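upload-v3.txt, holding compact mmCIF, C-alpha atoms:
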# COMPACT_ATOMS: atom_id res chain seq x y z
CA MET V 1 -21.12 42.33 14.15
CA LEU V 2 -23.55 39.43 14.69
CA PRO V 3 -23.26 36.38 12.43
CA ARG V 4 -25.88 36.31 9.66
CA PRO V 5 -28.24 33.68 11.24
CA GLN V 6 -28.40 35.56 14.58
CA LEU V 7 -28.88 38.89 12.80
CA THR V 8 -31.78 37.44 10.79
CA LEU V 9 -33.43 36.15 13.95
CA LEU V 10 -33.04 39.53 15.69
CA LEU V 11 -34.72 41.34 12.79
CA LEU V 12 -37.55 38.80 12.73
CA SER V 13 -38.09 39.23 16.47
CA ILE V 14 -38.33 43.02 16.10
CA LEU V 15 -40.75 42.59 13.19
CA LEU V 16 -42.97 40.23 15.21
CA ALA V 17 -43.02 42.67 18.14
CA ILE V 18 -44.17 45.49 15.85
CA LEU V 19 -46.81 43.30 14.20
CA ALA V 20 -48.15 42.20 17.60
CA ILE V 21 -49.30 45.74 18.41
CA THR V 22 -50.85 46.36 14.97
CA THR V 23 -53.99 45.06 13.28
CA ILE V 24 -52.18 42.36 11.28
CA PRO V 25 -54.16 39.05 11.41
CA SER V 26 -52.99 36.70 14.17
CA ARG V 27 -52.64 33.80 11.71
CA LEU V 28 -49.85 35.65 9.86
CA ILE V 29 -48.09 36.39 13.14
CA THR V 30 -48.29 32.69 14.10
CA ARG V 31 -46.77 31.60 10.77
CA LEU V 32 -43.95 34.09 11.10
CA SER V 33 -43.27 32.82 14.62
CA LEU V 34 -43.03 29.22 13.36
CA PHE V 35 -40.68 30.37 10.60
CA ALA V 36 -38.42 32.00 13.19
CA HIS V 37 -38.47 28.83 15.31
CA HIS V 38 -37.32 26.72 12.34
CA LEU V 39 -34.48 29.12 11.69
CA LEU V 40 -33.37 28.84 15.29
CA HIS V 41 -33.82 25.03 15.48
CA PRO V 42 -33.27 23.59 11.97
CA ALA V 43 -34.20 19.99 11.22
CA PRO V 44 -31.19 17.65 11.31
CA THR V 45 -29.59 17.02 7.92
CA THR V 46 -27.99 13.78 6.74
CA ASN V 47 -24.53 15.31 7.11
CA ASN V 48 -25.29 16.42 10.66
CA ILE V 49 -26.52 12.95 11.60
CA LEU V 50 -23.35 11.39 10.17
CA LYS V 51 -21.18 13.82 12.11
CA LYS V 52 -23.11 13.24 15.33
CA HIS V 53 -22.67 9.47 15.13
CA ASN V 54 -19.23 9.63 13.50
CA TYR V 55 -20.49 7.71 10.45
CA THR V 56 -18.00 9.44 8.19
CA THR V 57 -16.51 7.79 5.13
CA MET V 58 -12.90 6.77 5.69
CA ALA V 59 -10.34 8.55 3.55
CA TYR V 60 -9.20 6.50 0.54
CA GLU V 61 -11.74 3.76 1.32
CA LYS V 62 -12.46 3.08 -2.35
CA GLU V 63 -8.78 3.13 -3.29
CA LEU V 64 -7.90 0.71 -0.48
CA HIS V 65 -10.67 -1.73 -1.41
CA LEU V 66 -9.70 -1.71 -5.07
CA ALA V 67 -6.00 -2.15 -4.28
CA GLN V 68 -6.67 -5.08 -1.94
CA LEU V 69 -8.82 -6.89 -4.49
CA ALA V 70 -6.45 -6.11 -7.37
CA VAL V 71 -3.45 -7.49 -5.51
CA GLN V 72 -5.43 -10.53 -4.36
CA ARG V 73 -6.48 -11.31 -7.94
CA ALA V 74 -2.90 -10.89 -9.16
CA THR V 75 -1.67 -13.47 -6.62
CA LEU V 76 -3.98 -16.02 -8.22
CA LEU V 77 -1.94 -15.61 -11.38
CA THR V 78 1.47 -15.64 -9.69
CA ARG V 79 0.63 -18.83 -7.79
CA ARG V 80 -0.51 -20.48 -11.00
CA VAL V 81 2.70 -19.44 -12.74
CA TYR V 82 4.83 -20.88 -9.94
CA ALA V 83 2.92 -24.15 -10.06
CA ALA V 84 3.74 -24.50 -13.75
CA LYS V 85 6.92 -26.30 -14.71
CA SER V 86 8.16 -23.43 -16.85
CA LYS V 87 8.46 -19.98 -15.29
CA GLY V 88 9.04 -18.31 -18.68
CA THR V 89 11.96 -16.19 -17.57
CA LEU V 90 13.49 -13.45 -19.67
CA SER V 91 16.47 -11.19 -19.07
CA LYS V 92 15.76 -7.48 -18.84
CA SER V 93 18.20 -4.82 -19.96
CA ASP V 94 19.79 -4.78 -16.49
CA ALA V 95 20.15 -8.61 -16.61
CA SER V 96 17.57 -9.17 -13.85
CA PRO V 97 15.04 -11.93 -14.50
CA VAL V 98 11.42 -11.23 -15.27
CA THR V 99 8.75 -13.89 -15.46
CA ILE V 100 5.44 -14.23 -17.20
CA GLY V 101 4.02 -13.63 -13.75
CA ASP V 102 5.41 -10.09 -13.73
CA PHE V 103 3.74 -9.22 -17.01
CA GLY V 104 0.42 -10.87 -16.16
CA ALA V 105 0.15 -9.43 -12.66
CA GLN V 106 0.99 -5.91 -13.84
CA ALA V 107 -1.59 -6.03 -16.62
CA LEU V 108 -4.32 -7.20 -14.24
CA ILE V 109 -3.60 -4.54 -11.62
CA ILE V 110 -3.23 -1.60 -13.98
CA ALA V 111 -6.43 -2.57 -15.80
CA ALA V 112 -8.26 -2.47 -12.46
CA ILE V 113 -6.76 0.92 -11.54
CA LYS V 114 -7.68 2.43 -14.90
CA HIS V 115 -11.22 1.06 -14.62
CA ALA V 116 -11.83 2.76 -11.27
CA PHE V 117 -9.55 5.80 -11.58
CA PRO V 118 -8.91 6.45 -15.29
CA SER V 119 -7.01 9.70 -14.69
CA ASP V 120 -4.54 8.22 -12.20
CA GLU V 121 -0.96 7.53 -13.29
CA VAL V 122 0.97 4.34 -12.62
CA VAL V 123 4.71 3.82 -12.11
CA GLY V 124 5.13 0.19 -13.12
CA GLU V 125 8.24 -1.95 -13.37
CA GLU V 126 7.40 -3.60 -16.71
CA ASP V 127 6.16 -2.56 -20.16
CA ALA V 128 4.85 -4.39 -23.22
CA ASP V 129 7.81 -3.89 -25.56
CA ASP V 130 9.11 -7.47 -25.26
CA LEU V 131 5.64 -8.96 -25.66
CA ARG V 132 4.91 -7.08 -28.87
CA THR V 133 7.79 -8.92 -30.56
CA ASN V 134 7.27 -12.32 -28.91
CA GLU V 135 3.96 -13.78 -30.02
CA VAL V 136 4.42 -17.10 -28.19
CA LEU V 137 5.09 -15.44 -24.84
CA ARG V 138 2.31 -12.91 -25.40
CA SER V 139 -0.21 -15.69 -26.05
CA HIS V 140 0.91 -17.59 -22.96
CA ILE V 141 0.52 -14.54 -20.73
CA TRP V 142 -2.86 -13.68 -22.25
CA GLU V 143 -4.09 -17.17 -21.44
CA LEU V 144 -3.01 -16.78 -17.81
CA VAL V 145 -4.59 -13.33 -17.55
CA GLN V 146 -7.91 -14.66 -18.84
CA GLU V 147 -7.92 -17.40 -16.21
CA ALA V 148 -7.12 -15.10 -13.26
CA LYS V 149 -10.58 -14.31 -11.90
CA LEU V 150 -11.91 -13.88 -8.37
CA ASP V 151 -14.60 -16.37 -7.39
CA ASP V 152 -16.82 -13.57 -6.06
CA ALA V 153 -18.70 -11.80 -8.88
CA GLU V 154 -19.15 -8.56 -6.93
CA ALA V 155 -15.45 -8.39 -6.09
CA GLU V 156 -14.53 -9.08 -9.71
CA ALA V 157 -16.89 -6.32 -10.84
CA VAL V 158 -15.09 -3.79 -8.60
CA LEU V 159 -11.98 -4.49 -10.69
CA GLY V 160 -13.83 -4.01 -13.99
CA GLY V 161 -14.09 -7.70 -14.78
CA PRO V 162 -11.81 -9.52 -17.26
CA ILE V 163 -9.49 -7.63 -19.58
CA LYS V 164 -11.20 -7.42 -22.99
CA ASP V 165 -8.49 -8.84 -25.25
CA ALA V 166 -4.72 -9.24 -25.74
CA ASP V 167 -4.37 -5.73 -27.14
CA ALA V 168 -6.05 -4.30 -24.05
CA MET V 169 -3.60 -6.31 -21.94
CA LEU V 170 -0.66 -4.69 -23.76
CA THR V 171 -2.24 -1.26 -23.35
CA ALA V 172 -2.59 -1.85 -19.62
CA LEU V 173 1.05 -2.89 -19.35
CA ASP V 174 2.20 0.24 -21.15
CA ALA V 175 0.09 2.44 -18.85
CA GLY V 176 2.76 1.92 -16.19
CA ARG V 177 5.24 4.33 -17.77
CA SER V 178 4.57 7.33 -15.50
CA ALA V 179 7.65 9.30 -14.52
CA GLY V 180 6.31 9.79 -10.99
CA GLY V 181 6.70 13.12 -9.26
CA ALA V 182 5.36 15.46 -6.60
CA LYS V 183 1.95 16.30 -8.09
CA GLY V 184 -1.23 14.33 -8.50
CA ARG V 185 -2.31 10.75 -7.85
CA ILE V 186 0.31 8.18 -8.81
CA TRP V 187 0.34 4.44 -8.09
CA ALA V 188 3.63 2.59 -7.57
CA LEU V 189 3.44 -1.05 -8.64
CA ASP V 190 5.81 -3.99 -8.41
CA PRO V 191 3.96 -7.01 -9.82
CA ILE V 192 6.45 -9.51 -8.38
CA ASP V 193 8.90 -8.00 -5.91
CA GLY V 194 11.61 -10.54 -5.20
CA THR V 195 11.71 -12.30 -8.56
CA LYS V 196 14.61 -14.53 -7.51
CA GLY V 197 12.75 -15.46 -4.34
CA PHE V 198 9.73 -16.29 -6.47
CA LEU V 199 11.80 -18.51 -8.73
CA ARG V 200 13.42 -20.40 -5.83
CA GLY V 201 10.14 -20.90 -3.98
CA GLY V 202 10.96 -18.36 -1.29
CA GLN V 203 9.39 -15.04 -0.39
CA TYR V 204 7.98 -12.59 -2.90
CA ALA V 205 5.30 -9.92 -2.81
CA VAL V 206 2.81 -8.26 -5.11
CA CYS V 207 3.15 -4.59 -4.14
CA LEU V 208 0.86 -1.64 -4.79
CA ALA V 209 0.82 1.85 -3.26
CA LEU V 210 -0.98 5.11 -3.95
CA MET V 211 0.95 8.36 -3.66
CA VAL V 212 -0.83 11.72 -3.61
CA ASP V 213 1.33 14.77 -4.23
CA GLY V 214 4.42 12.70 -3.44
CA GLU V 215 3.18 11.22 -0.14
CA VAL V 216 2.27 7.55 0.23
CA LYS V 217 -1.38 7.30 1.32
CA VAL V 218 -2.30 3.65 0.68
CA GLY V 219 -0.17 0.50 0.68
CA VAL V 220 -1.03 -3.13 -0.06
CA LEU V 221 1.27 -6.18 -0.07
CA GLY V 222 0.22 -9.65 -1.19
CA CYS V 223 2.63 -12.23 0.26
CA PRO V 224 1.58 -15.70 -0.93
CA ASN V 225 4.33 -17.58 0.92
CA LEU V 226 4.20 -15.93 4.36
CA PRO V 227 2.36 -17.81 7.13
CA VAL V 228 -1.14 -16.55 7.87
CA ASP V 229 -0.52 -16.63 11.63
CA ASP V 230 0.63 -13.14 12.68
CA LYS V 231 2.19 -14.58 15.83
CA GLU V 232 4.54 -16.96 14.03
CA ARG V 233 8.09 -15.67 14.46
CA LEU V 234 10.56 -15.61 11.59
CA ASP V 235 13.23 -18.26 11.31
CA THR V 236 16.19 -18.62 8.99
CA GLY V 237 14.29 -21.03 6.73
CA ILE V 238 11.62 -18.51 5.75
CA GLY V 239 13.53 -17.46 2.62
CA ALA V 240 13.13 -20.74 0.69
CA ASP V 241 10.89 -23.76 0.20
CA GLN V 242 7.77 -21.95 1.35
CA THR V 243 5.39 -22.98 -1.42
CA ASP V 244 3.08 -25.26 0.57
CA ALA V 245 -0.19 -23.31 0.36
CA ASP V 246 -1.65 -24.66 3.59
CA GLY V 247 -1.63 -21.90 6.21
CA LYS V 248 0.19 -19.48 3.91
CA GLY V 249 -0.78 -16.40 1.97
CA VAL V 250 -1.31 -12.99 3.60
CA LEU V 251 -2.69 -9.66 2.38
CA PHE V 252 -1.28 -6.67 4.27
CA SER V 253 -2.67 -3.16 3.92
CA ALA V 254 -2.61 0.32 5.43
CA VAL V 255 -3.97 3.81 4.89
CA LEU V 256 -2.00 6.74 6.27
CA GLY V 257 -3.42 7.65 9.66
CA GLN V 258 -5.75 4.63 9.86
CA GLY V 259 -3.54 1.76 11.04
CA ALA V 260 -2.39 -1.46 9.37
CA THR V 261 -4.10 -4.82 8.93
CA SER V 262 -3.42 -8.35 7.78
CA ARG V 263 -5.86 -10.92 6.40
CA PRO V 264 -5.57 -14.29 4.68
CA LEU V 265 -5.40 -14.22 0.89
CA THR V 266 -8.49 -15.77 -0.66
CA ARG V 267 -9.78 -16.56 -4.15
CA GLY V 268 -12.82 -14.30 -3.83
CA THR V 269 -14.01 -11.55 -1.55
CA LEU V 270 -11.74 -10.12 1.13
CA ALA V 271 -11.31 -12.12 4.35
CA GLU V 272 -11.79 -10.39 7.68
CA GLY V 273 -8.81 -8.23 8.63
CA THR V 274 -6.82 -8.10 11.86
CA SER V 275 -5.05 -5.02 13.18
CA ILE V 276 -1.27 -5.48 13.33
CA LYS V 277 1.40 -3.76 15.39
CA MET V 278 5.16 -4.01 15.66
CA LYS V 279 6.35 -6.00 18.66
CA PRO V 280 7.38 -3.90 21.67
CA LEU V 281 11.14 -4.33 22.02
CA GLU V 282 12.48 -3.56 25.49
CA ASP V 283 15.87 -5.18 24.92
CA ILE V 284 17.41 -4.40 21.54
CA THR V 285 19.94 -7.22 21.94
CA GLN V 286 17.03 -9.66 21.46
CA ALA V 287 15.99 -8.15 18.13
CA THR V 288 15.57 -10.18 14.95
CA PHE V 289 17.18 -8.61 11.91
CA CYS V 290 15.71 -8.98 8.42
CA GLU V 291 17.93 -8.43 5.42
CA SER V 292 17.98 -9.16 1.70
CA VAL V 293 19.09 -12.54 0.42
CA GLU V 294 21.11 -10.98 -2.40
CA ALA V 295 24.38 -9.39 -1.28
CA GLY V 296 24.04 -7.02 -4.22
CA HIS V 297 20.93 -5.50 -2.65
CA SER V 298 22.31 -4.85 0.84
CA SER V 299 25.74 -4.92 2.46
CA HIS V 300 25.77 -8.03 4.65
CA GLY V 301 29.15 -7.07 6.11
CA ASP V 302 27.96 -3.68 7.31
CA GLN V 303 24.84 -5.22 8.79
CA ALA V 304 26.92 -7.73 10.75
CA ALA V 305 29.01 -4.85 12.16
CA ILE V 306 25.85 -2.97 13.14
CA ALA V 307 24.39 -6.03 14.84
CA GLU V 308 27.61 -6.49 16.83
CA LYS V 309 27.59 -2.86 18.01
CA LEU V 310 23.94 -3.19 19.08
CA GLY V 311 24.74 -6.41 20.95
CA ILE V 312 22.51 -8.54 18.73
CA THR V 313 23.72 -12.14 18.53
CA LYS V 314 20.79 -13.77 16.73
CA GLU V 315 21.43 -14.90 13.19
CA SER V 316 19.80 -12.53 10.72
CA VAL V 317 16.84 -13.71 8.66
CA ARG V 318 17.42 -13.33 4.94
CA MET V 319 14.40 -13.11 2.70
CA ASP V 320 13.44 -11.47 -0.56
CA SER V 321 10.97 -8.68 -1.30
CA GLN V 322 8.83 -6.35 0.77
CA ALA V 323 7.74 -9.39 2.75
CA LYS V 324 10.43 -8.07 5.14
CA TYR V 325 8.41 -4.90 5.74
CA ALA V 326 5.28 -6.97 6.27
CA SER V 327 7.02 -9.32 8.69
CA ILE V 328 8.33 -6.63 11.01
CA ALA V 329 5.03 -4.72 10.81
CA ARG V 330 3.19 -7.62 12.44
CA GLY V 331 5.92 -8.37 14.97
CA ALA V 332 7.34 -11.50 13.35
CA GLY V 333 10.67 -9.68 13.08
CA ASP V 334 11.99 -6.42 14.50
CA LEU V 335 14.45 -4.59 12.26
CA TYR V 336 14.92 -4.28 8.50
CA LEU V 337 18.14 -2.87 7.11
CA ARG V 338 18.90 -2.37 3.43
CA LEU V 339 22.36 -0.83 3.41
CA PRO V 340 24.00 0.83 0.40
CA THR V 341 26.27 -1.35 -1.71
CA SER V 342 27.07 1.31 -4.30
CA LYS V 343 27.41 5.08 -4.37
CA THR V 344 25.46 5.26 -7.62
CA TYR V 345 22.60 2.81 -7.01
CA GLN V 346 19.17 4.38 -6.52
CA GLU V 347 16.33 2.51 -4.84
CA LYS V 348 13.14 2.18 -6.90
CA ILE V 349 9.98 3.65 -5.39
CA TRP V 350 7.96 0.51 -6.14
CA ASP V 351 10.35 -1.52 -3.96
CA HIS V 352 9.43 0.46 -0.83
CA ALA V 353 6.26 2.59 -1.07
CA ALA V 354 3.72 0.03 0.16
CA GLY V 355 5.99 -1.37 2.87
CA VAL V 356 6.84 2.06 4.26
CA VAL V 357 3.23 3.06 4.97
CA ILE V 358 2.39 -0.38 6.40
CA VAL V 359 5.32 -0.30 8.83
CA GLY V 360 4.60 3.32 9.74
CA GLU V 361 0.97 2.56 10.53
CA ALA V 362 2.03 -0.48 12.59
CA GLY V 363 4.10 1.71 14.92
CA GLY V 364 7.44 1.82 13.15
CA THR V 365 9.69 4.41 11.58
CA VAL V 366 11.30 4.09 8.15
CA THR V 367 14.12 6.36 6.98
CA ASP V 368 17.20 6.07 4.85
CA ALA V 369 20.53 5.00 6.36
CA TRP V 370 21.25 8.59 7.46
CA GLY V 371 17.92 9.14 9.19
CA LYS V 372 16.28 11.10 6.36
CA LYS V 373 12.64 10.51 5.47
CA LEU V 374 12.24 8.59 2.21
CA ASP V 375 11.23 11.02 -0.53
CA PHE V 376 8.78 9.51 -3.03
CA SER V 377 8.15 12.83 -4.80
CA ILE V 378 11.28 12.98 -6.96
CA GLY V 379 10.45 10.43 -9.66
CA ARG V 380 10.73 6.70 -10.25
CA THR V 381 13.63 6.35 -7.81
CA LEU V 382 14.53 7.45 -4.28
CA SER V 383 17.37 9.52 -5.67
CA GLY V 384 17.49 11.70 -2.57
CA ASN V 385 18.09 8.78 -0.21
CA LYS V 386 20.65 6.05 0.41
CA GLY V 387 19.72 2.78 2.06
CA VAL V 388 16.70 1.96 4.22
CA VAL V 389 16.32 1.44 7.98
CA ALA V 390 13.00 0.28 9.45
CA ALA V 391 12.56 -0.23 13.19
CA PRO V 392 10.07 0.26 16.03
CA LYS V 393 9.64 3.98 16.66
CA ALA V 394 11.12 3.83 20.18
CA ILE V 395 14.46 2.34 19.14
CA HIS V 396 14.86 3.75 15.64
CA PRO V 397 17.13 6.64 16.80
CA GLU V 398 19.47 4.17 18.53
CA VAL V 399 19.67 2.00 15.42
CA ILE V 400 20.30 4.99 13.14
CA LYS V 401 23.09 6.22 15.40
CA VAL V 402 24.95 2.92 15.06
CA VAL V 403 24.25 2.69 11.31
CA ILE V 404 25.82 6.12 10.79
CA GLU V 405 28.82 5.13 12.92
CA VAL V 406 29.44 2.02 10.83
CA LEU V 407 28.87 3.60 7.44
CA GLY V 408 30.77 6.75 8.40
CA SER V 409 33.87 4.78 9.34
CA LYS V 410 34.31 3.34 5.84
Please express what this file holds, its structure, as structure tokens.
Amino acid sequence: MLPRPQLTLLLLSILLAILAITTIPSRLITRLSLFAHHLLHPAPTTNNILKKHNYTTMAYEKELHLAQLAVQRATLLTRRVYAAKSKGTLSKSDASPVTIGDFGAQALIIAAIKHAFPSDEVVGEEDADDLRTNEVLRSHIWELVQEAKLDDAEAEAVLGGPIKDADAMLTALDAGRSAGGAKGRIWALDPIDGTKGFLRGGQYAVCLALMVDGEVKVGVLGCPNLPVDDKERLDTGIGADQTDADGKGVLFSAVLGQGATSRPLTRGTLAEGTSIKMKPLEDITQATFCESVEAGHSSHGDQAAIAEKLGITKESVRMDSQAKYASIARGAGDLYLRLPTSKTYQEKIWDHAAGVVIVGEAGGTVTDAWGKKLDFSIGRTLSGNKGVVAAPKAIHPEVIKVVIEVLGSK
């Protein structure tokens, strides 16, 4: 059977033929002919023009823009906190330190998310319980939050402007209690990843990622202490004493299927971005390893054994936070291993979500230590995975093979 438009035209043609041999006025026949012509050759619509010229809106464009600006604004606060003499550290229930920067950055970012996407959930690392019982600390953080503003009014407006008051700040903090999961739009947020690195003046990152139905779609990393120059290779001193702001401060971002970029952190609107790619690695023995500073986060002994089996003799670069993901994504390093130190420890999704999509879009592959894809759909942790291995796509299978050999021999 003919499609409906063609069938309509056929019937109109038959009707016109019949009318042509009757006494129907010629003006009516002319109008019907024009009507048939317009059916056959419709005027171009806006959607058709956009398709013809490929002027289509990029997927998650609004989410990416908001995330970039939100992370950039949060780094204004974290830099100010570091510059202060007192970092305001507390001890959380698991004895890990948390600073006023963690609370302030989380409040700023969640407030921005809820302004733009009020129905979205957020898996955050902090909550407001401690601040509700500590008036002095709460007042200090509120003061910092009020001062953290982008210089560009339009960019600040995208984020919803300043948080209204201290109670709204606490509400924003508590909005990060999502349990995560496999359904819906959920943001994973680590306001200061690498708290110990932050405290020692080394590497840390403000990390934000959007997951949709358990898959990471958008990732943004703000790394205030990484060098802006994408071509600058890592060295063993990158993990400490990196607080000189000149030439430092990078915003990394990626959307699934759209590539990865880096741009300098600014105090206002977004700087121009540059596409980044992992460095082609023809000889794996020349690779630069990145690993965690803290031995409790990754087994240094296992990594040394893996490096030996791969023929890598370079000293590994130890640095905190997802700055490791960012560094290998732009070719400053090559491999990132986070090897299990405990059978019971579960990686947190906010420690990996943004970095995974950025490395993937830069030409890398990220799996767990056994070659399984990281599963962000289970909840607040990667309970279905053990360890993390990130490498250029071409050599990832070779690295995984050796990792399994080393871990399997224990």
Which one is closest to Tyr82 in chain V: V:Gly201, V:Gly259, V:Gly249, V:Pro191? Count only C-alpha atoms.
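When distances to Tyr82 in chain V are compared using only C-alpha atoms, the smallest one comes from V:Gly201.
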What lies within 7 Å of Asp193 in chain V using all atoms listed in the file, ignoring chain neighbours under 2 positions off, as JSON, numbers by chain?
{"V": [190, 191, 195, 204, 205, 206, 207, 321, 322, 351]}
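Relative to CA of Val98 in chain V, CA of Arg318 in chain V is found at 21.2 Å.
Using only C-alpha atoms for every distance, the candidate list V:Met319, V:Lys114, V:Ile284, V:Trp350 yields V:Met319 as the residue closest to Arg200 in chain V.
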In Å, with one decimal, what is the gap from CA of Leu210 in chain V to CA of Arg338 in chain V?
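About the pair CA of Leu210 in chain V and CA of Arg338 in chain V: they are 22.5 Å apart.
As for CA of Leu374 in chain V and CA of Ala175 in chain V, they are spaced 25.1 Å apart.
Across V:Ala168, V:Val218, V:Leu251, V:Ile395, the tightest approach to Glu272 in chain V is made by V:Leu251 when counting only C-alpha atoms.
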Tell me which of V:His396, V:Lys372, V:Lys324, V:Lys217 sits closest to Ala353 in chain V, counting only C-alpha atoms.
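For Ala353 in chain V, the nearest of the given residues is V:Lys217.
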